[in-house]
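Structure record follows, encoded as structure tokens.
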Amino acid sequence: PKRKGRGLNSPAGELQERIQQHLQRLGLTGLDIEAHLAWVKEKNAGELEAAERLLAAAAVLKRERSVEWRIKGSGLKDRKTMAAFDWDFQPKLDRRAIEDLFTLAFIQHQEDLLITGKCGTGKSHILKALVITACAQEWTVRYSRCVDLIDNLYAGLADGSYERRMKSWCRPTFLVIDDVGLGQLKRRDDEPTAAHMLFTLLDRRHANVTTAITSNIKLSAWGRYLGDATLAAAVLDRLAATSIRIDIDGPSYRQHQARQRAKEHGLELPGEDAS
């Protein structure tokens with residue numbers, strides 16, 4: 001015989017179906033109501049306790065989705081964590097200073113961050129991990145390689161959306177500009193230089209929100225790379241005023257991995273200092 005109250009057409013079934021519809025409307029379809037009701041029954045929970053537990057589960061689900069949405073919207077293509085960072089490979093790196101960055105106090109104080117060093121020394125790894133950490137705080141975060149950011153602004157000059165694009169780059173609480181010095185920047189005589197664009201961006205963000213930058217070239221070479229020595233000096237002056245400066249003086253981890261892979265295949269690559 002069929003048990004009463006279990007079918008979808010029963011009062012309990014109809015009520016459960018309406019609950020699912022409410023959850024869908026609220027964007028909480030991942031909430032397991034049946035498990036919650038089983039817990040209430042098992043614990044003989046009171047009304048307020050049951051309501052609080054359900055709302056807590058809903059809040060956790062909404063926060064997880066918010067964080068994931070922010071990470072996907074940041075522009076970050078690969079996710080890094082400091083748990084995967086090889087500290088032993090960079091013994092000169094001040095671990096305490098790096099770990100202090102992950103309190104995110106520098107973002108709360110609107111301080112900028114500049115990390116320099118050769119390619120493969122872990123600069124981008126650190127900033128990408130900071131992006132994940134800032135997104136976990138449900139802040140507005142955006143990540144871009146320098147060359148891609150400049151290309152985006154040049155595209156704005158072409159289609160008349162330059163100011164709108166510039167404002168969108170100014171908006172995030174935490175903006176990461178990765179790899180200054182890597183990649184070919186466009187140079188056009190009739191348009192602003194990359195240095196002009198970067199100066200405008202940093203000048204608008206300065207002391208209001210945080211910008212973090214990595215560079216694999218010497219700061220003295222920024223003028224040549226960005227196309228204007230005077231404005232490049234102004235960019236560095238803005239950064240010097242409120243920035244935390246970290247220089248990673250160490251070997252390239254990518255080259256180390258390449259040598260390890262070559263060794264596994266019976267090959268031998270020259271060391272980093274080989275001419």
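As shown in the structure tokens, the chain order sets the letters A, B, ...; within each chain, residues go from 1, and ligands are also counted from 1 in the order they appear.
All residues of protein, DNA or RNA that reach within 12 Å of A:Leu55, judged by only C-alpha atoms and not counting those fewer than 2 positions away in the chain, are Leu23, Leu28, Leu31, Asp32, Ile33, His36, Leu48, Glu49, Ala50, Ala51, Glu52, Arg53, Ala57, Ala58, Ala59, Val60, Leu61 and Lys62 of chain A.
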| said: Could you list, as an NGL selection string, every residue within 8 Å of stretch 204-221 of chain A, counting only C-alpha atoms and ignoring same-chain residues fewer than 4 positions away? | reply: :A and (106-107 or 110-119 or 123-124 or 127 or 170 or 172-182 or 200 or 225 or 236 or 238 or 242)
How close does stretch 191-229 of chain A get to stretch 138-150 of chain A? List, as a tab-separated table, each residue of stretch 191-229 of chain A within 8 Å, its nearest atom pair and the distance in Å to one decimal, counting only C-alpha atoms.
residue	atom	partner	partner_atom	distance
A:Ala194	CA	A:Ile150	CA	6.3
A:Met197	CA	A:Ile150	CA	7.4
A:Leu198	CA	A:Ile150	CA	7.9
| message | I need the alpha helix (DSSP H) residues of stretch 17-71 of chain A per DSSP on the backbone, written as number ranges by chain. | response | A: 17-25, 33-43, 47-71
| Contacts of stretch 85-88 of chain A at 10 Å or less, counting only C-alpha atoms, minus same-chain residues fewer than 3 places along, as an MDAnalysis selection string? | chainID A and resid 80:82 91:95 122 125:126 129 253
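Here the question is which of A:Asp100, A:Asp237, A:Glu42, A:Asp151 gets nearest to A:Leu130 using only C-alpha atoms, and that residue is A:Asp100.
Atom pair atom CA of A:Lys128 / atom CA of A:Arg171 has a distance of 18.8 Å (rounded to one decimal).
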| Out of stretch 177-255 of chain A, which residues get strand (DSSP E) from DSSP, as a VMD selection string? | chain A and resid 177 to 180 210 to 215 243 to 248
| Nearest to A:Thr193 by atom-to-atom distance, counting only C-alpha atoms, from A:Leu101, A:Ala158, A:Leu231, A:Ile71 | A:Leu231
| Distance in Å - atom CA of A:Asp228 versus atom CA of A:Ala195 | 5.8 Å
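Across A:Gln24, A:Phe102, A:Asn152, A:Leu15, the tightest approach to A:Arg164 is made by A:Asn152 when counting only C-alpha atoms.
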